[in-house]
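K.L.:
Sharing input06.cif here; it has mmCIF, C-alpha atoms.
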```cif
data_target
#
loop_
_atom_site.label_atom_id
_atom_site.label_comp_id
_atom_site.auth_asym_id
_atom_site.auth_seq_id
_atom_site.Cartn_x
_atom_site.Cartn_y
_atom_site.Cartn_z
CA MET A 1339 -38.67 -41.80 55.80
CA LYS A 1340 -35.84 -42.54 58.20
CA GLY A 1341 -33.44 -43.27 55.32
CA LEU A 1342 -34.37 -40.02 53.60
CA ARG A 1343 -33.76 -38.08 56.79
CA ILE A 1344 -30.32 -39.65 57.25
CA LEU A 1345 -29.49 -38.89 53.60
CA LYS A 1346 -30.57 -35.27 54.14
CA ILE A 1347 -28.35 -34.97 57.25
CA PHE A 1348 -25.45 -36.57 55.36
CA LEU A 1349 -25.77 -34.19 52.39
CA VAL A 1350 -26.15 -31.05 54.54
CA THR A 1351 -23.17 -31.97 56.74
CA PHE A 1352 -21.07 -32.85 53.69
CA LEU A 1353 -21.82 -29.53 51.97
CA ILE A 1354 -21.15 -27.50 55.13
CA ALA A 1355 -17.87 -29.34 55.77
CA LEU A 1356 -16.80 -28.98 52.13
CA THR A 1357 -17.49 -25.23 52.11
CA GLY A 1358 -15.81 -24.70 55.49
CA LEU A 1359 -12.67 -26.66 54.59
CA THR A 1360 -12.38 -24.89 51.22
CA VAL A 1361 -12.59 -21.49 52.92
CA ILE A 1362 -9.97 -22.51 55.53
CA ASN A 1363 -7.68 -23.82 52.78
CA THR A 1364 -8.02 -20.61 50.75
CA LEU A 1365 -7.34 -18.43 53.80
CA TRP A 1366 -4.32 -20.59 54.66
CA GLN A 1367 -2.85 -20.01 51.21
CA ILE A 1368 -3.24 -16.23 51.32
CA ARG A 1369 0.09 -15.16 52.77
CA ALA A 1370 1.03 -11.85 54.26
CA PRO A 1371 2.57 -9.47 51.66
CA TYR A 1372 6.30 -10.20 51.33
CA ASP A 1373 8.73 -7.29 51.49
CA PRO A 1374 11.93 -8.34 49.73
CA TYR A 1375 15.12 -6.56 50.79
CA PHE A 1376 18.86 -6.87 51.34
CA ALA A 1377 20.55 -5.70 54.52
CA LEU A 1378 24.18 -4.63 54.22
CA PHE A 1379 26.06 -3.85 57.41
CA THR A 1380 29.58 -3.02 58.49
CA LEU A 1381 30.73 -3.86 61.99
CA GLY A 1382 33.86 -2.88 63.86
CA SER A 1383 36.69 -5.08 65.15
CA THR A 1384 34.53 -6.40 68.02
CA GLY A 1385 31.67 -7.40 65.72
CA LYS A 1386 29.55 -4.49 66.93
CA THR A 1387 28.71 -1.07 65.54
CA GLU A 1388 31.73 0.41 67.31
CA ASN A 1389 35.55 0.24 67.26
CA TYR A 1390 35.86 0.91 63.54
CA PHE A 1391 39.20 2.64 64.17
CA PRO A 1392 41.90 1.75 66.70
CA GLY A 1393 41.33 3.78 69.84
CA GLY A 1394 38.22 5.27 68.27
CA LYS A 1395 40.41 7.79 66.40
CA TYR A 1396 39.17 8.16 62.86
CA ASP A 1397 42.14 10.39 61.97
CA ILE A 1398 44.40 7.61 60.78
CA TYR A 1399 48.06 7.34 59.77
CA GLN A 1400 49.90 5.31 57.21
CA GLY A 1401 49.89 1.75 58.59
CA THR A 1402 46.94 2.18 60.98
CA ARG A 1403 45.17 -1.18 60.79
CA MET A 1404 41.39 -1.19 60.52
CA SER A 1405 39.55 -4.44 61.16
CA TRP A 1406 35.92 -4.62 60.08
CA PHE A 1407 33.26 -7.22 59.33
CA VAL A 1408 31.04 -6.69 56.32
CA GLY A 1409 27.75 -8.59 56.33
CA LEU A 1410 24.89 -9.09 53.96
CA TYR A 1411 21.47 -10.61 54.63
CA ASN A 1412 19.29 -11.87 51.79
CA HIS A 1413 15.57 -11.42 52.38
CA MET A 1414 14.61 -11.44 48.71
CA GLY A 1415 12.80 -14.76 48.93
CA THR A 1416 15.06 -16.54 46.43
CA VAL A 1417 18.77 -17.21 45.87
CA GLN A 1418 20.66 -14.12 44.73
CA LEU A 1419 24.00 -13.61 43.02
CA VAL A 1420 25.52 -10.60 44.74
CA ARG A 1421 28.70 -8.55 44.53
CA VAL A 1422 30.04 -6.38 47.31
CA VAL A 1423 32.32 -3.64 45.98
CA PHE A 1424 34.69 -1.31 47.80
CA LYS A 1425 35.44 2.23 46.65
CA LEU A 1426 37.70 4.85 48.13
CA LEU A 1427 36.15 8.30 47.79
CA ASN A 1428 36.61 11.79 49.20
CA SER A 1429 33.96 14.40 49.85
CA THR A 1430 34.09 15.86 46.34
CA ILE A 1431 33.61 12.64 44.35
CA GLU A 1432 29.90 11.89 44.06
CA GLY A 1433 28.94 9.10 46.44
CA PRO A 1434 26.05 6.65 46.17
CA ASN A 1435 22.60 8.22 46.18
CA GLN A 1436 19.76 6.52 48.03
CA LEU A 1437 17.12 8.72 46.42
CA TYR A 1438 18.10 8.15 42.80
CA ASN A 1439 19.70 4.72 43.42
CA THR A 1440 22.95 5.71 41.74
CA PRO A 1441 26.32 4.24 42.77
CA GLY A 1442 29.43 6.16 43.81
CA ASN A 1443 31.14 7.77 40.86
CA ARG A 1444 34.31 5.70 40.91
CA THR A 1445 35.54 2.28 39.78
CA PRO A 1446 35.89 -0.12 42.74
CA PHE A 1447 39.37 -1.17 43.79
CA TYR A 1448 38.10 -4.46 45.21
CA GLU A 1449 35.04 -6.62 44.71
CA THR A 1450 33.87 -10.02 45.86
CA THR A 1451 30.98 -12.10 44.52
CA ARG A 1452 28.83 -14.77 46.16
CA LEU A 1453 25.63 -16.73 45.67
CA LEU A 1454 23.41 -16.17 48.70
CA LEU A 1455 20.63 -18.55 49.66
CA SER A 1456 17.27 -17.14 50.72
CA ASN A 1457 17.48 -15.92 54.34
CA GLU A 1458 21.25 -16.45 54.40
CA THR A 1459 23.61 -14.01 56.08
CA TRP A 1460 27.11 -13.75 54.67
CA MET A 1461 29.83 -12.12 56.77
CA PHE A 1462 33.43 -11.63 55.79
CA PRO A 1463 36.32 -9.89 57.50
CA VAL A 1464 38.01 -6.85 56.04
CA VAL A 1465 41.40 -5.78 57.30
CA TRP A 1466 42.89 -2.73 55.66
CA SER A 1467 45.37 0.07 56.06
CA VAL A 1468 46.88 2.86 54.01
CA PHE A 1469 50.14 1.43 52.69
CA ASN A 1470 51.45 4.52 50.99
CA ALA A 1471 50.39 8.14 51.25
CA THR A 1472 52.03 11.52 50.80
CA GLN A 1473 51.34 14.86 52.35
CA SER A 1474 51.69 18.29 50.77
CA ALA A 1475 51.02 21.72 52.20
CA ASN A 1476 47.24 21.51 51.82
CA ALA A 1477 46.37 17.94 50.92
CA THR A 1478 46.97 14.31 51.73
CA ALA A 1479 47.12 11.82 48.88
CA ILE A 1480 46.56 8.08 49.27
CA HIS A 1481 48.44 6.00 46.71
CA ILE A 1482 48.37 2.37 47.86
CA LEU A 1483 46.01 0.42 50.13
CA LEU A 1484 46.75 -2.83 51.90
CA PHE A 1485 43.43 -4.68 51.80
CA ASN A 1486 42.99 -8.23 53.15
CA GLY A 1487 46.68 -8.92 52.72
CA GLU A 1488 46.95 -7.60 49.16
CA THR A 1489 48.18 -4.24 47.92
CA PHE A 1490 45.93 -2.18 45.67
CA SER A 1491 47.09 0.84 43.72
CA GLU A 1492 44.57 0.77 40.87
CA ASN A 1493 41.48 2.94 41.53
CA VAL A 1494 42.89 3.90 44.93
CA GLU A 1495 44.86 7.06 44.12
CA LEU A 1496 42.98 9.89 45.82
CA ASP A 1497 43.65 13.15 47.65
CA ALA A 1498 41.66 15.18 50.14
CA SER A 1499 42.01 18.76 51.21
CA HIS A 1500 44.18 18.82 54.36
CA GLY A 1501 43.51 15.08 54.66
CA TYR A 1502 39.91 15.53 55.73
CA ASN A 1503 36.90 13.47 54.68
CA PHE A 1504 38.09 10.38 52.94
CA ARG A 1505 35.46 7.65 52.90
CA MET A 1506 35.41 3.92 52.36
CA VAL A 1507 32.23 3.14 50.45
CA ILE A 1508 30.79 -0.38 50.38
CA GLU A 1509 28.12 -0.99 47.76
CA LEU A 1510 25.93 -3.97 46.96
CA TRP A 1511 25.46 -4.92 43.31
CA VAL A 1512 22.95 -7.62 42.40
CA TYR A 1513 23.06 -9.80 39.29
CA ASP A 1514 20.08 -9.01 37.07
CA GLN A 1515 19.21 -11.97 34.84
CA THR A 1516 17.28 -9.90 32.32
CA MET A 1517 20.13 -7.40 31.94
CA GLY A 1518 22.78 -10.11 32.06
CA ASP A 1519 24.89 -7.90 34.32
CA TYR A 1520 25.22 -6.63 37.88
CA SER A 1521 22.98 -3.76 38.84
CA PHE A 1522 23.28 -1.30 41.74
CA ALA A 1523 19.49 -1.09 42.18
CA TRP A 1524 16.88 -3.82 42.26
CA GLN A 1525 13.10 -4.05 42.23
CA SER A 1526 11.17 -4.61 45.44
CA ASN A 1527 7.37 -4.59 45.20
CA GLY A 1528 7.56 -2.33 42.14
CA GLU A 1529 9.99 0.07 43.80
CA GLU A 1530 13.65 0.54 42.95
CA ARG A 1531 15.98 0.07 45.92
CA SER A 1532 19.69 0.02 46.65
CA VAL A 1533 21.91 -0.46 49.67
CA TRP A 1534 25.34 0.83 50.60
CA ASN A 1535 27.48 1.78 53.59
CA GLN A 1536 30.20 4.36 54.01
CA ILE A 1537 32.70 5.07 56.76
CA TRP A 1538 34.42 8.43 56.86
CA PHE A 1539 38.00 8.95 58.00
CA ASN A 1540 40.67 11.61 58.00
CA MET A 1541 44.37 11.45 57.33
CA THR A 1542 45.59 14.84 58.44
CA ARG A 1543 49.09 13.46 59.03
CA VAL A 1544 50.68 10.61 57.16
CA THR A 1545 52.89 9.53 60.05
CA ILE A 1546 52.70 9.94 63.80
CA LEU A 1547 54.73 12.92 64.92
CA PRO A 1548 57.77 11.92 67.04
CA THR A 1549 57.16 12.77 70.68
CA MET B 1306 42.53 14.85 -11.58
CA GLY B 1307 43.89 11.34 -12.44
CA VAL B 1308 46.27 11.46 -9.45
CA ASP B 1309 43.40 12.47 -7.16
CA LYS B 1310 41.39 9.45 -8.29
CA ARG B 1311 44.33 7.16 -7.52
CA LYS B 1312 44.74 8.77 -4.10
CA VAL B 1313 41.05 8.26 -3.38
CA CYS B 1314 41.34 4.62 -4.45
CA VAL B 1315 44.36 4.04 -2.17
CA CYS B 1316 42.62 5.75 0.74
CA ALA B 1317 39.49 3.67 0.17
CA LEU B 1318 41.58 0.49 0.07
CA VAL B 1319 43.39 1.38 3.29
CA ALA B 1320 40.11 2.27 4.98
CA SER B 1321 38.46 -1.00 3.92
CA PHE B 1322 41.52 -2.95 5.12
CA LEU B 1323 41.40 -1.24 8.51
CA LEU B 1324 37.66 -1.84 8.78
CA LEU B 1325 38.07 -5.51 7.87
CA THR B 1326 40.87 -6.06 10.40
CA SER B 1327 38.94 -4.29 13.15
CA VAL B 1328 35.84 -6.40 12.44
CA MET B 1329 37.96 -9.55 12.50
CA ALA B 1330 39.47 -8.46 15.80
CA ILE B 1331 36.07 -8.53 17.56
CA PRO B 1332 36.12 -11.78 19.53
CA THR B 1333 33.37 -14.25 18.74
CA ASP B 1334 32.10 -16.78 21.28
CA ALA B 1335 34.64 -19.35 20.14
CA GLN B 1336 37.47 -16.83 20.58
CA GLN B 1337 36.44 -15.77 24.12
CA THR B 1338 39.10 -16.10 26.77
CA PRO B 1339 38.64 -18.95 29.31
CA ILE B 1340 37.81 -16.33 31.94
CA ALA B 1341 34.98 -14.87 29.83
CA GLN B 1342 33.73 -18.39 29.12
CA ALA B 1343 33.79 -19.21 32.85
CA VAL B 1344 31.86 -16.00 33.60
CA GLN B 1345 29.24 -16.99 31.02
CA ALA B 1346 29.07 -20.49 32.53
CA SER B 1347 28.57 -18.92 35.98
CA HIS B 1348 25.58 -16.97 34.70
CA ASP B 1349 24.07 -20.13 33.18
CA ALA B 1350 24.65 -22.07 36.40
CA TYR B 1351 23.08 -19.26 38.43
CA ALA B 1352 19.99 -19.29 36.17
CA SER B 1353 19.60 -23.05 36.69
CA ILE B 1354 20.01 -22.78 40.50
CA LYS B 1355 17.51 -19.93 40.66
CA ALA B 1356 14.98 -21.91 38.60
CA ALA B 1357 15.37 -24.89 40.95
CA ASP B 1358 15.03 -22.62 44.00
CA THR B 1359 11.90 -20.98 42.60
CA ALA B 1360 10.43 -24.45 42.02
CA GLY B 1361 10.92 -25.11 45.75
CA ALA B 1362 14.03 -27.31 45.63
CA ASN B 1363 16.69 -27.30 48.34
CA VAL B 1364 19.64 -25.74 46.52
CA THR B 1365 22.14 -25.71 49.40
CA VAL B 1366 24.49 -28.20 47.72
CA PRO B 1367 24.63 -26.60 44.23
CA ALA B 1368 24.94 -23.17 45.88
CA ALA B 1369 27.99 -24.33 47.85
CA GLN B 1370 29.50 -25.79 44.65
CA PHE B 1371 28.76 -22.51 42.87
CA ASN B 1372 30.56 -20.49 45.54
CA LEU B 1373 33.61 -22.77 45.31
CA ALA B 1374 33.69 -22.30 41.54
CA LEU B 1375 33.27 -18.54 42.06
CA SER B 1376 36.35 -18.39 44.27
CA LEU B 1377 38.31 -20.25 41.57
CA LEU B 1378 37.11 -17.69 39.03
CA GLU B 1379 38.06 -14.78 41.32
CA ASN B 1380 41.55 -16.25 41.75
CA ALA B 1381 41.82 -16.69 37.98
CA THR B 1382 40.87 -13.04 37.42
CA GLU B 1383 43.43 -11.94 39.99
CA LEU B 1384 46.17 -14.05 38.36
CA GLU B 1385 45.31 -12.62 34.95
CA LYS B 1386 45.64 -9.08 36.34
CA ARG B 1387 49.11 -9.99 37.61
CA GLY B 1388 50.08 -11.28 34.17
CA ASN B 1389 50.11 -14.98 35.01
CA GLU B 1390 47.88 -15.88 32.07
CA SER B 1391 48.54 -19.62 31.78
CA GLN B 1392 47.70 -20.36 35.42
CA ALA B 1393 44.74 -17.97 35.25
CA PHE B 1394 43.31 -19.73 32.21
CA SER B 1395 43.82 -23.14 33.77
CA LEU B 1396 41.92 -22.06 36.91
CA ALA B 1397 39.20 -20.44 34.77
CA SER B 1398 38.73 -23.69 32.82
CA GLU B 1399 38.43 -25.59 36.10
CA ALA B 1400 35.82 -23.06 37.30
CA GLN B 1401 33.95 -23.35 34.00
CA GLY B 1402 33.81 -27.15 34.37
CA SER B 1403 32.44 -26.81 37.91
CA PHE B 1404 29.79 -24.31 36.77
CA GLN B 1405 28.74 -26.57 33.91
CA ALA B 1406 28.44 -29.56 36.28
CA ILE B 1407 25.96 -27.60 38.42
CA ILE B 1408 23.44 -27.16 35.57
CA PRO B 1409 22.21 -30.80 35.18
CA GLU B 1410 22.22 -31.25 38.96
CA SER B 1411 20.03 -28.17 39.45
CA GLN B 1412 17.75 -29.28 36.61
CA HIS B 1413 17.33 -32.65 38.35
CA LEU B 1414 16.53 -30.91 41.68
CA LYS B 1415 14.03 -28.66 39.90
CA ASP B 1416 12.28 -31.63 38.26
CA GLN B 1417 12.07 -33.41 41.62
CA ALA B 1418 10.67 -30.30 43.32
CA LEU B 1419 8.07 -29.79 40.58
CA ALA B 1420 6.96 -33.43 40.83
CA ARG B 1421 6.71 -33.10 44.62
CA GLN B 1422 4.75 -29.87 44.27
CA GLU B 1423 2.33 -31.47 41.80
CA GLU B 1424 1.79 -34.47 44.09
CA SER B 1425 1.22 -32.25 47.11
CA SER B 1426 -1.24 -30.07 45.20
CA ARG B 1427 -3.12 -33.20 44.02
CA LEU B 1428 -3.22 -34.51 47.60
CA GLN B 1429 -4.47 -31.18 48.88
CA THR B 1430 -7.23 -31.04 46.27
CA LEU B 1431 -8.28 -34.59 47.13
CA SER B 1432 -8.04 -34.24 50.89
CA ILE B 1433 -10.76 -31.57 51.16
CA PRO B 1434 -13.71 -33.66 49.78
CA VAL B 1435 -12.38 -36.76 51.59
CA ALA B 1436 -12.29 -34.88 54.91
CA ALA B 1437 -15.80 -33.50 54.24
CA LEU B 1438 -17.01 -37.03 53.49
CA ILE B 1439 -15.51 -38.37 56.73
CA ILE B 1440 -17.11 -35.54 58.71
CA ALA B 1441 -20.51 -36.29 57.07
CA ILE B 1442 -20.25 -40.04 57.76
CA VAL B 1443 -19.24 -39.47 61.39
CA THR B 1444 -22.14 -37.02 61.83
CA VAL B 1445 -24.63 -39.53 60.39
CA LEU B 1446 -23.26 -42.32 62.62
CA LEU B 1447 -23.45 -40.10 65.69
CA PHE B 1448 -26.96 -39.04 64.76
CA THR B 1449 -28.19 -42.63 64.28
CA ALA B 1450 -26.54 -43.71 67.56
CA TYR B 1451 -28.24 -40.81 69.32
CA GLN B 1452 -31.57 -41.75 67.77
CA ARG B 1453 -31.12 -45.39 68.86
CA ILE B 1454 -30.40 -44.28 72.44
CA ARG B 1455 -33.41 -42.02 72.43
CA VAL B 1456 -35.71 -44.79 71.11
CA LYS B 1457 -34.31 -47.13 73.80
CA GLN B 1458 -34.93 -44.52 76.51
CA PHE B 1459 -38.47 -43.94 75.18
CA ASN B 1460 -39.23 -47.66 75.18
CA GLU B 1461 -37.94 -47.99 78.76
CA LEU B 1462 -40.16 -45.08 79.72
CA ARG B 1463 -43.17 -46.79 78.09
CA ILE B 1464 -42.49 -50.03 80.01
CA ASN B 1465 -42.28 -48.09 83.25
CA LEU B 1466 -45.51 -46.25 82.54
CA LYS B 1467 -47.49 -49.50 81.85
CA PRO B 1468 -50.37 -49.74 84.42
CA ARG B 1469 -49.92 -52.56 86.91
CA SER B 1470 -52.63 -55.15 86.79
#
```
Could you render the structure as structure tokens?
P.N.:
Amino acid sequence: MKGLRILKIFLVTFLIALTGLTVINTLWQIRAPYDPYFALFTLGSTGKTENYFPGGKYDIYQGTRMSWFVGLYNHMGTVQLVRVVFKLLNSTIEGPNQLYNTPGNRTPFYETTRLLLSNETWMFPVVWSVFNATQSANATAIHILLFNGETFSENVELDASHGYNFRMVIELWVYDQTMGDYSFAWQSNGEERSVWNQIWFNMTRVTILPT
Amino acid sequence: MGVDKRKVCVCALVASFLLLTSVMAIPTDAQQTPIAQAVQASHDAYASIKAADTAGANVTVPAAQFNLALSLLENATELEKRGNESQAFSLASEAQGSFQAIIPESQHLKDQALARQEESSRLQTLSIPVAALIIAIVTVLLFTAYQRIRVKQFNELRINLKPRS
């Protein structure tokens, strides 16, 4: 009788423990829903969201040196092959569209590619200036950019009415293995997403007027 | 009419020649430039790193090697744009070699990670009934110890209650 009672206690405790531990294990494995995303940011010369232009004047001249930091954070959950592209646009050329996930309607003048680990933040400095520009009665035209020590004339040529509303557009393109190419938009929980930055500037005068 | 036929024949010949030369001009894989080959190798290397990462491997080392090879490839592309083809192709071949070296390394890391994952899953599956068994044994031991104490206490009580003669 005593042996049977002990066996009964053993079996009941074993079954309760087995059920409890299985439930705990299952709950442990159910993770919170993951929201994959990329964060692209552009910081000013001090590494903050300020001082994008010397003296805070976004009406620049030929030779005005801009010093920025471009950063990218990978929260996609896996390694990602990414490309950051730079485009010079004005207000009339179609820029990137967050709603339709379409990129700016121009070929980039500069691009840089990198493999980013999961949760890695990649920051790189960008120092640029307008190397050559001309001014006419009602427009300013940019011909050559000095970008990270190199001159770029291809896909840079651009004019703006009275020198107003030029913009430096920074877009993120992600390598899509199924497409075998870089794509401006990516899938995140069944939704299409894209990320880009833009910084507007004017060039109402090519050179500083002599005082 | 005879002249027209000859003209048609000549035109057809010229057209077929042009078509043939244009088809032959399409580069095949073997004719790809070293830069295009390096780009292809980079995509293959990326696929292998991603597979290893998805399997749970630590891909920090192959990722760093990949980024070094990428900078070589970017320099090669830049040199090609400037017209320095020989140096560009030499750099691209170097990059291609680096990308190709990443593939077996990543595969090895992936295999290791999968083996680790399998072992950990087996351990996890086994640990639940083992833990339940330990809990049951401990409970039974505690119960029997408790019973023994209670019997002892009862016996002591019986001795104390015995009427004195």
K.L.:
How close does each residue of chain B get to chain A, giving the shortest atom pair and distance in Å to one decimal for every residue with an atom at most 10 Å away, counting all atoms listed in the file, sorted by chain and residue number, as CSV?
P.N.:
```
residue,atom,partner,partner_atom,distance
B:Gln1345,CA,A:Gly1518,CA,9.5
B:Ser1347,CA,A:Leu1419,CA,9.9
B:His1348,CA,A:Gly1518,CA,7.9
B:Asp1349,CA,A:Gln1515,CA,9.6
B:Tyr1351,CA,A:Leu1419,CA,7.3
B:Ala1352,CA,A:Gln1515,CA,7.5
B:Ile1354,CA,A:Val1417,CA,7.8
B:Lys1355,CA,A:Val1417,CA,6.0
B:Ala1356,CA,A:Val1417,CA,9.5
B:Ala1357,CA,A:Val1417,CA,9.7
B:Asp1358,CA,A:Thr1416,CA,6.5
B:Thr1359,CA,A:Thr1416,CA,6.7
B:Gly1361,CA,A:Thr1416,CA,9.5
B:Asn1363,CA,A:Leu1455,CA,9.7
B:Val1364,CA,A:Leu1455,CA,7.9
B:Thr1365,CA,A:Leu1455,CA,7.3
B:Ala1368,CA,A:Leu1453,CA,6.5
B:Ala1369,CA,A:Leu1453,CA,8.3
B:Gln1370,CA,A:Leu1453,CA,9.9
B:Phe1371,CA,A:Leu1453,CA,7.1
B:Asn1372,CA,A:Arg1452,CA,6.0
B:Leu1373,CA,A:Arg1452,CA,9.4
B:Leu1375,CA,A:Arg1452,CA,7.1
B:Ser1376,CA,A:Thr1451,CA,8.3
B:Leu1378,CA,A:Thr1451,CA,9.9
B:Glu1379,CA,A:Thr1450,CA,7.8
B:Gln1429,CA,A:Asn1363,CA,8.9
B:Thr1430,CA,A:Thr1360,CA,9.4
B:Ser1432,CA,A:Leu1359,CA,9.6
B:Ile1433,CA,A:Leu1359,CA,6.3
B:Pro1434,CA,A:Leu1356,CA,6.1
B:Val1435,CA,A:Leu1356,CA,9.0
B:Ala1436,CA,A:Ala1355,CA,7.9
B:Ala1437,CA,A:Ala1355,CA,4.9
B:Leu1438,CA,A:Phe1352,CA,5.8
B:Ile1439,CA,A:Phe1352,CA,8.4
B:Ile1440,CA,A:Ala1355,CA,6.9
B:Ala1441,CA,A:Phe1352,CA,4.9
B:Ile1442,CA,A:Phe1348,CA,6.7
B:Val1443,CA,A:Phe1348,CA,9.1
B:Thr1444,CA,A:Thr1351,CA,7.2
B:Val1445,CA,A:Phe1348,CA,5.9
B:Leu1446,CA,A:Ile1344,CA,9.3
B:Phe1448,CA,A:Ile1344,CA,8.2
B:Thr1449,CA,A:Ile1344,CA,7.9
```
K.L.:
Exactly which residues make up the result of the PyMOL selection byres ((chain A and resi 1487) around 10) on this file, given as a ChimeraX atom specification?
P.N.:
/A:1464-1467,1483-1486,1488-1490
K.L.:
Could you name the residues that touch range 1470-1474 of chain A at 8 Å or less, counting only C-alpha atoms, but leaving out those on the same chain fewer than 6 positions away, as an MDAnalysis selection string?
P.N.:
chainID A and resid 1400 1480:1483 1543:1544
K.L.:
Tell me which protein, DNA and RNA residues are within 6 Å of range 1394-1397 of chain B, counting all atoms listed in the file, leaving out same-chain ones fewer than 2 positions away, and put them as a list in words.
P.N.:
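Counting only the stated atoms, we get Pro1339, Ile1340, Ala1343, Leu1378, Ala1381, Glu1390, Ser1391, Gln1392, Glu1399 and Ala1400 of chain B.
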K.L.:
CA of Thr1459 in chain A and CA of Ala1377 in chain A are how many Å apart?
P.N.:
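Taking CA of Thr1459 in chain A and CA of Ala1377 in chain A, their separation equals 9.0 Å.
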K.L.:
So that I can see what lies close to Tyr1390 in chain A, please list as a PDB file with C-alpha atoms, in the coordinates of the input the residues with an atom at most 9 Å from it, counting all atoms listed in the file and leaving out residues fewer than 2 positions away in the same chain.
P.N.:
```
ATOM      1  CA  THR A1380      29.580  -3.020  58.490  1.00  0.00           C
ATOM      2  CA  LEU A1381      30.730  -3.860  61.990  1.00  0.00           C
ATOM      3  CA  GLY A1382      33.860  -2.880  63.860  1.00  0.00           C
ATOM      4  CA  SER A1383      36.690  -5.080  65.150  1.00  0.00           C
ATOM      5  CA  THR A1384      34.530  -6.400  68.020  1.00  0.00           C
ATOM      6  CA  LYS A1386      29.550  -4.490  66.930  1.00  0.00           C
ATOM      7  CA  THR A1387      28.710  -1.070  65.540  1.00  0.00           C
ATOM      8  CA  GLU A1388      31.730   0.410  67.310  1.00  0.00           C
ATOM      9  CA  PRO A1392      41.900   1.750  66.700  1.00  0.00           C
ATOM     10  CA  GLY A1393      41.330   3.780  69.840  1.00  0.00           C
ATOM     11  CA  GLY A1394      38.220   5.270  68.270  1.00  0.00           C
ATOM     12  CA  LYS A1395      40.410   7.790  66.400  1.00  0.00           C
ATOM     13  CA  TYR A1396      39.170   8.160  62.860  1.00  0.00           C
ATOM     14  CA  MET A1404      41.390  -1.190  60.520  1.00  0.00           C
ATOM     15  CA  SER A1405      39.550  -4.440  61.160  1.00  0.00           C
ATOM     16  CA  TRP A1406      35.920  -4.620  60.080  1.00  0.00           C
ATOM     17  CA  ILE A1537      32.700   5.070  56.760  1.00  0.00           C
TER      18      ILE A1537
END
```
K.L.:
Could you please determine the separation between CA of Glu1509 in chain A and CA of Met1461 in chain A in Å, to one decimal place?
P.N.:
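Rounded to one decimal, the two atoms are 14.4 Å apart.
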K.L.:
In Å, rounded to a single decimal, give me how far CA of Asn1535 in chain A is from CA of Leu1496 in chain A.
P.N.:
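Between these atoms lies a distance of 19.1 Å.
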K.L.:
When the PyMOL selection byres ((chain A and resi 1411) around 7) is applied to the file above, which residues end up in the set, as a list in words?
P.N.:
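Taken on the displayed file, the PyMOL selection byres ((chain A and resi 1411) around 7) yields the residues Phe1376, Ala1377, Leu1378, Gly1409, Leu1410, Asn1412, His1413, Asn1457, Glu1458, Thr1459 and Trp1460 of chain A.
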K.L.:
Using all atoms listed in the file, which residues sit within 9 Å of Asn1493 in chain A once same-chain residues fewer than 2 positions away are excluded, as a PyMOL selection string?
P.N.:
chain A and resi 1425-1426+1444-1448+1490-1491+1495-1496
K.L.:
Excluding same-chain residues fewer than 4 positions from Ile1408 in chain B, what lies within 7 Å of it counting all atoms listed in the file, as a ChimeraX atom specification?
P.N.:
/B:1350,1353,1412
K.L.:
Given the selection you just returned, output its residues as a file containing C-alpha atoms, formatted as a PDB file, in the frame of the given file.
P.N.:
```pdb
ATOM      1  CA  ALA B1350      24.650 -22.070  36.400  1.00  0.00           C
ATOM      2  CA  SER B1353      19.600 -23.050  36.690  1.00  0.00           C
ATOM      3  CA  GLN B1412      17.750 -29.280  36.610  1.00  0.00           C
TER       4      GLN B1412
END
```
K.L.:
When the PyMOL selection byres ((chain B and resi 1404) around 6) is applied to the structure above, which residues does it catch, written out as a list in words?
P.N.:
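This file gives the following for the PyMOL selection byres ((chain B and resi 1404) around 6): Ala1346, Ser1347, Ala1350, Gln1401, Gly1402, Ser1403, Gln1405, Ala1406 and Ile1407 of chain B.
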K.L.:
What would range 1341-1348 of chain A look like with N, CA and C atoms in place, written as a CSV table (one decimal), keeping the file's coordinate frame?
P.N.:
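The resulting file, selection_4.csv, is reproduced below:
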```
chain,number,residue,atom,x,y,z
A,1341,GLY,N,-34.6,-43.3,56.3
A,1341,GLY,CA,-33.4,-43.3,55.3
A,1341,GLY,C,-33.3,-41.9,54.6
A,1342,LEU,N,-34.4,-41.3,54.3
A,1342,LEU,CA,-34.4,-40.0,53.6
A,1342,LEU,C,-33.8,-38.9,54.5
A,1343,ARG,N,-34.2,-39.1,55.8
A,1343,ARG,CA,-33.8,-38.1,56.8
A,1343,ARG,C,-32.2,-38.2,57.0
A,1344,ILE,N,-31.8,-39.4,57.1
A,1344,ILE,CA,-30.3,-39.6,57.2
A,1344,ILE,C,-29.5,-39.1,56.0
A,1345,LEU,N,-30.1,-39.4,54.8
A,1345,LEU,CA,-29.5,-38.9,53.6
A,1345,LEU,C,-29.4,-37.4,53.6
A,1346,LYS,N,-30.5,-36.7,54.1
A,1346,LYS,CA,-30.6,-35.3,54.1
A,1346,LYS,C,-29.5,-34.7,55.1
A,1347,ILE,N,-29.4,-35.4,56.3
A,1347,ILE,CA,-28.4,-35.0,57.2
A,1347,ILE,C,-26.9,-35.1,56.7
A,1348,PHE,N,-26.8,-36.3,56.0
A,1348,PHE,CA,-25.4,-36.6,55.4
A,1348,PHE,C,-25.1,-35.5,54.3
```
